file upload-v2.txt (compact mmCIF, C-alpha atoms)
# COMPACT_ATOMS: atom_id res chain seq x y z
CA MET A 15 -2.30 6.79 -15.11
CA LEU A 16 -5.11 5.58 -17.33
CA THR A 17 -7.29 7.87 -19.42
CA ALA A 18 -10.88 6.99 -20.25
CA GLU A 19 -9.74 5.90 -23.74
CA ASP A 20 -6.99 3.67 -22.33
CA GLN A 21 -9.44 2.12 -19.91
CA MET A 22 -11.98 1.47 -22.65
CA ALA A 23 -9.36 -0.06 -24.94
CA ILE A 24 -8.06 -2.37 -22.19
CA GLU A 25 -11.54 -3.44 -21.15
CA GLN A 26 -12.37 -4.18 -24.77
CA ARG A 27 -9.32 -6.48 -25.03
CA LEU A 28 -10.26 -8.18 -21.78
CA ALA A 29 -13.83 -8.69 -23.00
CA ASP A 30 -12.56 -10.26 -26.25
CA PHE A 31 -10.24 -12.48 -24.25
CA LEU A 32 -13.08 -13.65 -22.00
CA ALA A 33 -15.34 -14.34 -24.96
CA LYS A 34 -12.69 -16.46 -26.70
CA SER A 35 -11.33 -18.26 -23.67
CA GLU A 36 -14.70 -18.66 -21.92
CA ALA A 37 -13.09 -17.56 -18.70
CA GLN A 38 -15.19 -15.90 -16.02
CA TRP A 39 -13.26 -12.79 -15.05
CA SER A 40 -10.08 -11.09 -16.04
CA ALA A 41 -8.23 -8.07 -14.75
CA LEU A 42 -5.18 -5.94 -15.28
CA VAL A 43 -3.46 -5.48 -11.93
CA ASP A 44 -0.13 -3.91 -11.10
CA LYS A 45 2.47 -5.64 -8.98
CA GLY A 46 1.74 -3.21 -6.16
CA GLY A 47 -1.79 -4.61 -5.94
CA ASN A 48 -3.69 -1.84 -7.75
CA LEU A 49 -6.60 -2.88 -9.94
CA PHE A 50 -6.33 -1.05 -13.27
CA ALA A 51 -9.15 -2.56 -15.30
CA GLN A 52 -11.38 -5.60 -15.13
CA CYS A 53 -14.06 -7.43 -17.05
CA GLY A 54 -16.39 -10.29 -16.21
CA ASP A 55 -18.18 -11.43 -13.11
CA THR A 56 -16.83 -12.38 -9.70
CA GLY A 57 -20.09 -12.10 -7.80
CA THR A 58 -19.63 -10.41 -4.44
CA LEU A 59 -15.85 -10.82 -4.25
CA ASP A 60 -13.97 -7.74 -3.04
CA LEU A 61 -11.80 -6.88 -6.04
CA SER A 62 -9.33 -4.82 -3.99
CA ILE A 63 -8.57 -7.83 -1.85
CA LEU A 64 -8.41 -10.09 -4.89
CA SER A 65 -5.90 -7.75 -6.55
CA ALA A 66 -3.78 -7.41 -3.41
CA LEU A 67 -3.62 -11.16 -2.91
CA ALA A 68 -2.92 -11.85 -6.59
CA ALA A 69 -0.07 -9.33 -6.61
CA GLY A 70 1.32 -10.79 -3.38
CA SER A 71 1.11 -14.31 -4.71
CA PHE A 72 2.84 -13.36 -7.95
CA ALA A 73 5.51 -11.40 -6.09
CA ALA A 74 6.31 -14.43 -3.96
CA THR A 75 6.54 -16.58 -7.07
CA HIS A 76 8.77 -14.04 -8.76
CA GLU A 77 11.11 -14.22 -5.79
CA LEU A 78 11.12 -18.02 -6.02
CA ALA A 79 12.02 -17.76 -9.70
CA LYS A 80 14.91 -15.45 -8.92
CA ARG A 81 16.26 -17.88 -6.36
CA LEU A 82 16.08 -20.69 -8.91
CA GLY A 83 18.05 -18.61 -11.35
CA GLU A 84 15.06 -17.79 -13.57
CA SER A 85 14.46 -14.15 -14.48
CA GLU A 86 10.76 -14.67 -13.94
CA PHE A 87 8.03 -17.30 -14.04
CA SER A 88 5.93 -15.80 -16.79
CA ALA A 89 2.72 -17.42 -15.59
CA LEU A 90 1.30 -18.81 -12.38
CA TYR A 91 -1.62 -21.21 -12.21
CA HIS A 92 -3.67 -22.11 -9.14
CA GLU A 93 -5.98 -25.08 -9.60
CA GLY A 94 -9.07 -25.42 -7.46
CA HIS A 95 -11.98 -27.88 -7.47
CA GLY A 96 -14.35 -25.67 -9.43
CA GLN A 97 -12.46 -22.46 -10.03
CA HIS A 98 -8.93 -21.74 -11.10
CA ILE A 99 -6.70 -18.71 -11.44
CA LEU A 100 -4.09 -17.98 -14.07
CA MET A 101 -1.76 -15.03 -13.59
CA SER A 102 0.40 -13.89 -16.49
CA ALA A 103 3.22 -11.37 -16.31
CA LEU A 104 2.89 -8.23 -18.42
CA HIS A 105 5.33 -5.43 -19.04
CA HIS A 106 5.42 -2.27 -16.92
CA GLU A 107 5.05 -4.10 -13.61
CA CYS A 108 1.60 -5.42 -14.45
CA LEU A 109 -0.23 -8.73 -14.36
CA LEU A 110 -3.15 -10.27 -16.16
CA VAL A 111 -5.26 -12.15 -13.62
CA THR A 112 -7.86 -14.56 -14.96
CA ILE A 113 -10.43 -16.61 -13.07
CA PHE A 114 -12.10 -19.45 -14.88
CA GLY A 115 -14.32 -22.41 -14.12
CA GLU A 116 -15.32 -25.75 -15.59
CA LYS A 117 -16.68 -24.23 -18.83
CA THR A 118 -13.15 -24.05 -20.19
CA ASN A 119 -9.69 -25.42 -19.50
CA ILE A 120 -6.21 -24.18 -18.69
CA GLY A 121 -4.88 -24.86 -22.19
CA LEU A 122 -7.45 -22.66 -23.87
CA VAL A 123 -7.22 -19.91 -21.28
CA ARG A 124 -3.46 -19.88 -21.44
CA PHE A 125 -3.42 -19.83 -25.23
CA TYR A 126 -5.65 -16.75 -25.42
CA ALA A 127 -3.94 -15.17 -22.42
CA GLN A 128 -0.63 -15.30 -24.30
CA GLN A 129 -2.29 -13.56 -27.25
CA VAL A 130 -3.95 -10.83 -25.22
CA THR A 131 -0.79 -10.07 -23.25
CA ILE A 132 0.82 -8.86 -26.47
CA THR A 133 -1.90 -6.30 -27.15
CA LEU A 134 -2.14 -5.33 -23.48
CA ASN A 135 1.59 -4.69 -23.41
CA GLU A 136 1.22 -2.37 -26.39
CA LEU A 137 -1.61 -0.48 -24.69
CA LEU A 138 0.39 -0.20 -21.49
CA GLN A 139 3.34 1.16 -23.44
CA GLN A 140 1.12 3.80 -25.05
CA ALA A 141 -0.36 4.74 -21.66
CA ARG A 142 3.13 5.02 -20.21
CA GLU A 143 4.23 7.31 -23.05
CA LYS A 144 1.16 9.53 -22.57
CA GLU A 145 1.79 9.67 -18.83
CA ALA A 146 5.37 10.79 -19.39
CA ILE A 147 4.28 13.89 -21.29
CA SER A 148 1.15 14.77 -19.30
CA GLY A 149 1.22 17.32 -16.49
CA PRO A 150 0.56 16.40 -12.87
CA LEU A 151 -3.01 16.16 -11.60
CA LEU A 152 -3.75 19.29 -9.55
CA LEU A 153 -7.11 19.89 -7.91
CA ASP A 154 -8.87 22.89 -6.41
CA GLY A 155 -10.38 22.90 -2.97
CA ASP A 156 -9.14 22.56 0.58
CA PHE A 157 -9.17 18.80 0.97
CA LEU A 158 -6.32 18.75 3.48
CA ASN A 159 -8.27 20.21 6.38
CA ASP A 160 -9.72 18.43 9.40
CA GLN A 161 -13.17 18.25 7.81
CA ALA A 162 -11.75 16.08 5.04
CA ALA A 163 -10.15 13.65 7.50
CA ILE A 164 -10.85 9.94 7.32
CA THR A 165 -13.26 9.05 10.13
CA MET B 2 3.20 4.40 -7.15
CA ALA B 3 -0.13 6.23 -7.09
CA PHE B 4 -2.47 5.08 -9.79
CA ILE B 5 -4.91 7.57 -11.32
CA ASN B 6 -7.84 6.25 -13.30
CA TYR B 7 -9.52 9.11 -15.15
CA SER B 8 -12.25 6.84 -16.42
CA SER B 9 -13.54 5.72 -13.03
CA ARG B 10 -12.28 8.96 -11.40
CA GLU B 11 -10.31 7.00 -8.85
CA ILE B 12 -6.89 7.44 -7.26
CA GLN B 13 -5.30 4.44 -5.57
CA LEU B 14 -2.65 5.03 -2.92
CA LYS B 15 -0.67 2.42 -1.02
CA ILE B 16 0.34 3.04 2.59
CA VAL B 17 2.57 0.50 4.32
CA TYR B 18 2.79 0.14 8.11
CA TYR B 19 6.37 -0.80 8.88
CA GLY B 20 8.15 -1.56 12.15
CA ALA B 21 9.77 -4.16 14.36
CA ALA B 22 8.08 -7.42 15.32
CA LEU B 23 5.15 -6.99 17.72
CA CYS B 24 5.32 -3.18 17.62
CA GLY B 25 1.61 -2.88 16.80
CA LYS B 26 1.32 -2.68 13.01
CA THR B 27 -1.47 -5.21 12.73
CA THR B 28 -3.15 -3.73 15.82
CA ASN B 29 -3.22 -0.37 14.01
CA LEU B 30 -5.13 -1.91 11.12
CA VAL B 31 -7.46 -3.90 13.37
CA THR B 32 -8.26 -0.74 15.33
CA LEU B 33 -8.73 1.31 12.17
CA HIS B 34 -11.13 -1.30 10.88
CA LYS B 35 -13.15 -0.92 14.08
CA GLN B 36 -12.86 2.85 14.40
CA ILE B 37 -13.63 3.94 10.86
CA THR B 38 -17.33 4.43 10.41
CA HIS B 39 -17.74 7.00 7.66
CA ALA B 40 -15.24 5.96 5.00
CA GLN B 41 -16.21 2.92 2.97
CA LYS B 42 -14.00 0.10 4.19
CA GLY B 43 -13.32 -3.38 2.92
CA GLU B 44 -12.72 -6.54 4.84
CA LEU B 45 -9.50 -6.73 6.87
CA VAL B 46 -7.42 -9.54 5.39
CA SER B 47 -4.59 -11.05 7.43
CA LEU B 48 -2.13 -13.53 6.02
CA ALA B 49 -0.94 -14.74 9.40
CA THR B 50 0.41 -17.85 11.07
CA ASP B 51 -1.68 -19.96 13.44
CA ALA B 52 -0.16 -17.93 16.25
CA ASP B 53 -1.52 -14.71 14.70
CA ARG B 54 1.89 -13.46 13.62
CA THR B 55 1.87 -11.72 10.26
CA LEU B 56 3.30 -14.06 7.63
CA PHE B 57 2.90 -12.00 4.47
CA PHE B 58 0.80 -8.90 5.05
CA ASP B 59 -2.43 -7.51 6.45
CA PHE B 60 -4.57 -5.54 4.05
CA LEU B 61 -7.35 -3.02 4.48
CA SER B 62 -8.89 -0.95 1.72
CA LEU B 63 -10.58 2.40 2.43
CA ASN B 64 -12.56 4.46 -0.07
CA THR B 65 -13.00 8.13 0.65
CA LYS B 66 -14.35 11.13 -1.24
CA THR B 67 -11.59 13.37 0.06
CA LEU B 68 -10.43 14.64 -3.33
CA PRO B 69 -12.99 16.67 -5.27
CA GLY B 70 -14.30 14.67 -8.22
CA PHE B 71 -12.30 11.57 -7.36
CA THR B 72 -12.71 8.54 -5.17
CA THR B 73 -9.54 7.98 -3.19
CA ARG B 74 -8.79 4.37 -2.42
CA PHE B 75 -6.23 3.97 0.34
CA GLN B 76 -4.73 0.49 0.39
CA LEU B 77 -3.24 -0.13 3.82
CA TYR B 78 -0.70 -2.91 4.22
CA THR B 79 1.44 -4.12 7.08
CA VAL B 80 4.70 -6.01 6.71
CA PRO B 81 5.76 -9.00 8.81
CA GLY B 82 8.06 -7.66 11.51
CA GLN B 83 10.09 -10.78 12.16
CA ALA B 84 13.65 -10.61 10.87
CA ILE B 85 13.37 -13.80 8.79
CA TYR B 86 10.68 -12.29 6.55
CA ASN B 87 12.82 -9.60 4.98
CA THR B 88 12.14 -10.72 1.41
CA THR B 89 8.44 -10.46 2.13
CA ARG B 90 8.88 -6.92 3.43
CA GLN B 91 10.63 -5.98 0.20
CA LEU B 92 7.72 -7.40 -1.80
CA VAL B 93 5.10 -5.54 0.20
CA LEU B 94 6.97 -2.26 -0.32
CA LYS B 95 6.59 -2.59 -4.08
CA GLY B 96 4.59 0.38 -5.35
CA VAL B 97 4.43 2.06 -1.94
CA ASP B 98 3.23 5.68 -1.81
CA GLY B 99 3.52 6.40 1.90
CA ILE B 100 4.83 4.79 5.07
CA VAL B 101 3.77 4.73 8.70
CA PHE B 102 6.72 3.65 10.79
CA VAL B 103 5.48 2.23 14.10
CA VAL B 104 7.93 2.48 16.99
CA ASP B 105 7.51 0.25 20.04
CA SER B 106 8.00 2.46 23.12
CA HIS B 107 9.43 -0.33 25.27
CA TRP B 108 13.02 0.49 26.24
CA GLU B 109 14.08 -3.07 25.57
CA LYS B 110 12.70 -2.85 22.01
CA MET B 111 14.82 0.15 21.02
CA ALA B 112 17.48 -1.92 19.28
CA ASP B 113 14.76 -3.74 17.30
CA ASN B 114 13.16 -0.41 16.38
CA VAL B 115 16.46 1.01 15.19
CA GLU B 116 17.23 -2.13 13.22
CA SER B 117 13.79 -2.05 11.62
CA PHE B 118 14.17 1.61 10.62
CA ALA B 119 17.51 0.84 9.02
CA ASN B 120 15.95 -2.19 7.36
CA LEU B 121 13.17 0.00 5.96
CA GLN B 122 15.72 2.27 4.34
CA GLU B 123 17.62 -0.69 2.89
CA ASN B 124 14.45 -2.24 1.52
CA LEU B 125 13.37 1.04 -0.04
CA ILE B 126 16.71 1.16 -1.82
CA GLU B 127 16.01 -2.40 -3.08
CA ASN B 128 12.82 -0.94 -4.58
CA HIS B 129 14.75 2.06 -6.01
CA LEU B 130 13.13 4.38 -3.47
CA SER B 131 14.18 6.33 -0.39
CA LEU B 132 12.67 8.17 2.56
CA VAL B 133 13.46 11.41 0.77
CA GLN B 134 10.93 10.53 -1.95
CA ILE B 135 8.38 8.57 0.05
CA PRO B 136 6.33 10.54 2.59
CA TYR B 137 6.31 8.94 6.01
CA VAL B 138 5.00 9.54 9.49
CA LEU B 139 6.13 8.10 12.80
CA GLN B 140 3.90 6.61 15.44
CA TYR B 141 5.34 6.12 18.93
CA ASN B 142 3.12 3.27 20.01
CA LYS B 143 2.43 1.70 23.40
CA ARG B 144 2.67 4.99 25.27
CA ASP B 145 0.56 3.48 28.06
CA ILE B 146 3.26 1.09 29.28
CA PRO B 147 5.04 1.98 32.54
CA ASN B 148 8.58 1.87 31.17
CA ALA B 149 7.98 3.75 27.94
CA ALA B 150 10.99 5.51 26.51
CA PRO B 151 10.68 9.30 26.73
CA ILE B 152 9.37 11.06 23.65
CA ASN B 153 12.42 13.30 23.32
CA TYR B 154 14.61 10.19 23.20
CA LEU B 155 12.42 8.67 20.46
CA GLU B 156 12.40 11.93 18.56
CA PHE B 157 16.18 12.16 18.72
CA THR B 158 16.60 8.55 17.67
CA PHE B 159 14.07 8.37 14.83
CA ASN B 160 13.30 11.92 13.84
CA ASN B 161 16.59 13.74 13.90
CA ARG B 162 16.63 14.87 10.28
CA ALA B 163 16.72 18.13 8.41
CA ASN B 164 13.07 17.63 7.49
CA ARG B 165 11.33 16.43 10.61
CA ALA B 166 8.62 13.85 9.98
CA LEU B 167 5.23 14.13 11.61
CA ALA B 168 5.16 12.00 14.76
CA PHE B 169 2.30 10.82 16.91
CA GLU B 170 1.98 9.21 20.29
CA GLY B 171 -0.28 6.22 20.17
CA VAL B 172 -1.81 3.33 21.99
CA ALA B 173 -2.97 1.28 19.03
CA SER B 174 -4.76 -1.30 21.18
CA THR B 175 -7.14 1.35 22.54
CA GLY B 176 -7.23 3.51 19.43
CA VAL B 177 -5.26 6.49 20.72
CA GLY B 178 -3.44 8.22 17.88
CA VAL B 179 -4.37 5.61 15.28
CA LEU B 180 -6.70 7.71 13.12
CA GLU B 181 -4.49 10.77 13.57
CA THR B 182 -1.50 8.83 12.26
CA LEU B 183 -3.40 7.57 9.23
CA ASN B 184 -4.82 11.00 8.46
CA ALA B 185 -1.37 12.57 8.63
CA ALA B 186 -0.03 9.99 6.18
CA ALA B 187 -3.07 10.45 3.94
CA ARG B 188 -2.62 14.24 3.88
CA LEU B 189 1.03 13.93 2.96
CA LEU B 190 0.04 11.78 0.00
CA LEU B 191 -2.87 13.94 -1.09
CA ALA B 192 -0.92 17.20 -0.78
CA LYS B 193 0.72 16.66 -4.13
CA TYR B 194 -2.68 16.89 -5.82
CA SER B 195 -3.49 20.27 -4.24
CA LYS B 196 -3.14 23.47 -6.26
CA THR B 197 -2.65 25.42 -3.03
CA PRO B 198 -0.02 24.39 -0.49
CA ASN B 199 -1.56 23.71 2.91
CA ALA B 200 0.06 24.27 6.28
CA ASN B 201 -1.72 21.22 7.70
CA VAL B 202 0.60 18.98 5.78
CA THR B 203 3.74 20.14 7.48
CA GLY B 204 2.20 20.94 10.84
CA MET B 205 -0.84 18.83 11.59
CA ALA B 206 -3.87 20.84 12.65
CA GLN B 207 -4.24 20.39 16.35
CA THR B 208 -7.53 19.09 17.62
CA ASN B 209 -8.61 18.31 21.14
CA LYS B 210 -7.91 14.66 20.55
CA SER B 211 -4.68 15.22 18.71
CA VAL B 212 -1.61 13.51 20.09
CA ALA B 213 0.87 14.93 17.61
CA VAL B 214 4.35 15.24 19.01
CA PRO B 215 5.51 18.87 18.80
CA PRO B 216 8.94 19.61 17.36
CA PRO B 217 11.59 19.56 20.08
CA GLU B 218 12.89 22.94 21.22
CA GLU B 219 16.40 21.60 21.46
CA LYS B 220 18.11 18.29 20.96
CA PRO B 221 18.20 16.10 24.06
CA GLN B 222 21.54 14.98 25.36
CA VAL B 223 21.33 11.31 24.50
CA GLN B 224 24.43 9.24 24.18
CA ALA B 225 22.96 6.40 22.08
CA GLY B 226 23.51 6.52 18.33
CA ASN B 227 20.60 7.48 16.18
CA VAL B 228 19.50 6.19 12.79
CA ALA B 229 18.69 9.44 11.06
call {"tool": "encode", "arguments": {"input": "upload-v2.txt", "output": "structure tokens"}}
result
Amino acid sequence: MLTAEDQMAIEQRLADFLAKSEAQWSALVDKGGNLFAQCGDTGTLDLSILSALAAGSFAATHELAKRLGESEFSALYHEGHGQHILMSALHHECLLVTIFGEKTNIGLVRFYAQQVTITLNELLQQAREKEAISGPLLLDGDFLNDQAAIT
Amino acid sequence: MAFINYSSREIQLKIVYYGAALCGKTTNLVTLHKQITHAQKGELVSLATDADRTLFFDFLSLNTKTLPGFTTRFQLYTVPGQAIYNTTRQLVLKGVDGIVFVVDSHWEKMADNVESFANLQENLIENHLSLVQIPYVLQYNKRDIPNAAPINYLEFTFNNRANRALAFEGVASTGVGVLETLNAAARLLLAKYSKTPNANVTGMAQTNKSVAVPPPEEKPQVQAGNVA
């Protein structure tokens, strides 16, 4: 669960990270493939698909790490011709996914990614603590009838 | 686990289609992608082999305005059915909110179906979950084949529990029962956000097109072991 304040705080950290690292886009994604927050520009890319694939890719890597006797590979880097992706593990089953191009380089992006993961972990911890004490979301209205069906 | 974003007023829910190899999981998603016209849908992504067998997962995202004041984003995944991809199935189940278990109605696929259902329960345990916590519906697929197993046999084998799951007859390749199955799963997930309990969740509203399997009046006399 993310409140508007949590969301704003996370997006602010992501914006700072992009400004410093000169990366193109960055997002907080959970390991189930949900997109929590994002900042930057990916053009017309479908962000749901991007998140699902990133989570899947990281999950596969995590499994590889386990089989090699590592607790986790803390980061995963995919190098392309013009665009690259860095995925960094966060606490609370989350990932930081960053897309960057030729304006910057992996060293710089990784350096700032390591810094921002610390503050993101703190924000995630705070959000988790708030979630633990908040009541469940309950809504009015009959949204379980046939008229509300997916068609 | 469902993710609620109060800033963008969005709820994200993950539904996984599970079942034995070639039971019709991917066909369900392909058909949904064709059938759904009103909900906002994304591209259908398949991570498959050259022979069109699911290697990692298929993925389809649907945005609906079902919940008042919120956009509901259903993320539909399939798992690879082949036995060798068990680790991948465990990974896809991570963060699951609801399950559609697809049963192949071929008699000769019963052992595979039973094994897959048992495998689902094992893999949920790996993810610290169970079918008691995770809402699920059953779809008895391929009902159009000549040697389909009788419904009461399938019900006894896969749905013989204290709390009977919703079950649907389907022919995923032609679209029969596909939307009904998804809507039943969606309602089960959305019910927890409703202030007022709704009978539709436990007994699907019947429509003319509905293919919901009614609860059996009595247990059939079947000698084969069940997995419930």
call {"tool": "interface_residues", "arguments": {"input": "upload-v2.txt", "of": "chain A", "to": "chain B", "cutoff": "8 Å", "atoms": "all atoms listed in the file", "output": "ChimeraX atom specification"}}
result
/A:15-19,21,45-46,48,50,60,62-63,66,70,73-74,150-160,162-165
call {"tool": "atom_distance", "arguments": {"input": "upload-v2.txt", "atom1": "atom CA of Gln83 of chain B", "atom2": "atom CA of Leu23 of chain B"}}
result
8.3 Å
call {"tool": "closest_residue", "arguments": {"input": "upload-v2.txt", "among": "B:Ile16, B:Leu167, B:Ala173, B:Val80", "to": "Val214 of chain B", "atoms": "all atoms listed in the file"}}
result
B:Leu167
call {"tool": "closest_residue", "arguments": {"input": "upload-v2.txt", "among": "A:Lys80, A:Lys34, A:Arg27, A:Arg142", "to": "His105 of chain A", "atoms": "all atoms listed in the file"}}
result
A:Arg142
call {"tool": "residues_near_point", "arguments": {"input": "upload-v2.txt", "point": "(-10.2, -7.8, -26.8)", "cutoff": "12 Å", "atoms": "all atoms listed in the file", "output": "list in words"}}
result
Met22, Ala23, Ile24, Glu25, Gln26, Arg27, Leu28, Ala29, Asp30, Phe31, Leu32, Ala33, Lys34, Ser35, Ser40, Gln52, Cys53, Tyr126, Ala127, Gln129, Val130, Thr131, Ile132, Thr133, Leu134 and Leu137 of chain A
call {"tool": "atom_distance", "arguments": {"input": "upload-v2.txt", "atom1": "atom CA of Gly25 of chain B", "atom2": "atom CA of Leu59 of chain A"}}
result
28.5 Å
call {"tool": "atom_distance", "arguments": {"input": "upload-v2.txt", "atom1": "atom CA of Ala51 of chain A", "atom2": "atom CA of Val111 of chain A"}}
result
10.5 Å
call {"tool": "closest_residue", "arguments": {"input": "upload-v2.txt", "among": "A:Ala89, A:Leu49, A:Ile147, A:Leu122", "to": "Ser71 of chain A", "atoms": "only C-alpha atoms"}}
result
A:Ala89
call {"tool": "closest_residue", "arguments": {"input": "upload-v2.txt", "among": "A:Ile99, A:Ala146, A:Ala141, A:Leu104", "to": "Glu86 of chain A", "atoms": "all atoms listed in the file"}}
result
A:Leu104
call {"tool": "closest_residue", "arguments": {"input": "upload-v2.txt", "among": "A:Ile113, A:Leu90, A:Leu42, A:Ala79", "to": "Gly57 of chain A", "atoms": "all atoms listed in the file"}}
result
A:Ile113
call {"tool": "residues_near_point", "arguments": {"input": "upload-v2.txt", "point": "(7.5, -5.6, 9.2)", "cutoff": "6 Å", "atoms": "only C-alpha atoms", "output": "PDB file with C-alpha atoms, keeping the file's coordinate frame"}}
result
ATOM      1  CA  TYR B  19       6.370  -0.800   8.880  1.00  0.00           C
ATOM      2  CA  GLY B  20       8.150  -1.560  12.150  1.00  0.00           C
ATOM      3  CA  ALA B  21       9.770  -4.160  14.360  1.00  0.00           C
ATOM      4  CA  VAL B  80       4.700  -6.010   6.710  1.00  0.00           C
ATOM      5  CA  PRO B  81       5.760  -9.000   8.810  1.00  0.00           C
ATOM      6  CA  GLY B  82       8.060  -7.660  11.510  1.00  0.00           C
TER       7      GLY B  82
END
call {"tool": "closest_residue", "arguments": {"input": "upload-v2.txt", "among": "A:His92, A:Arg81, A:His98, A:His76", "to": "Thr118 of chain A", "atoms": "only C-alpha atoms"}}
result
A:His98
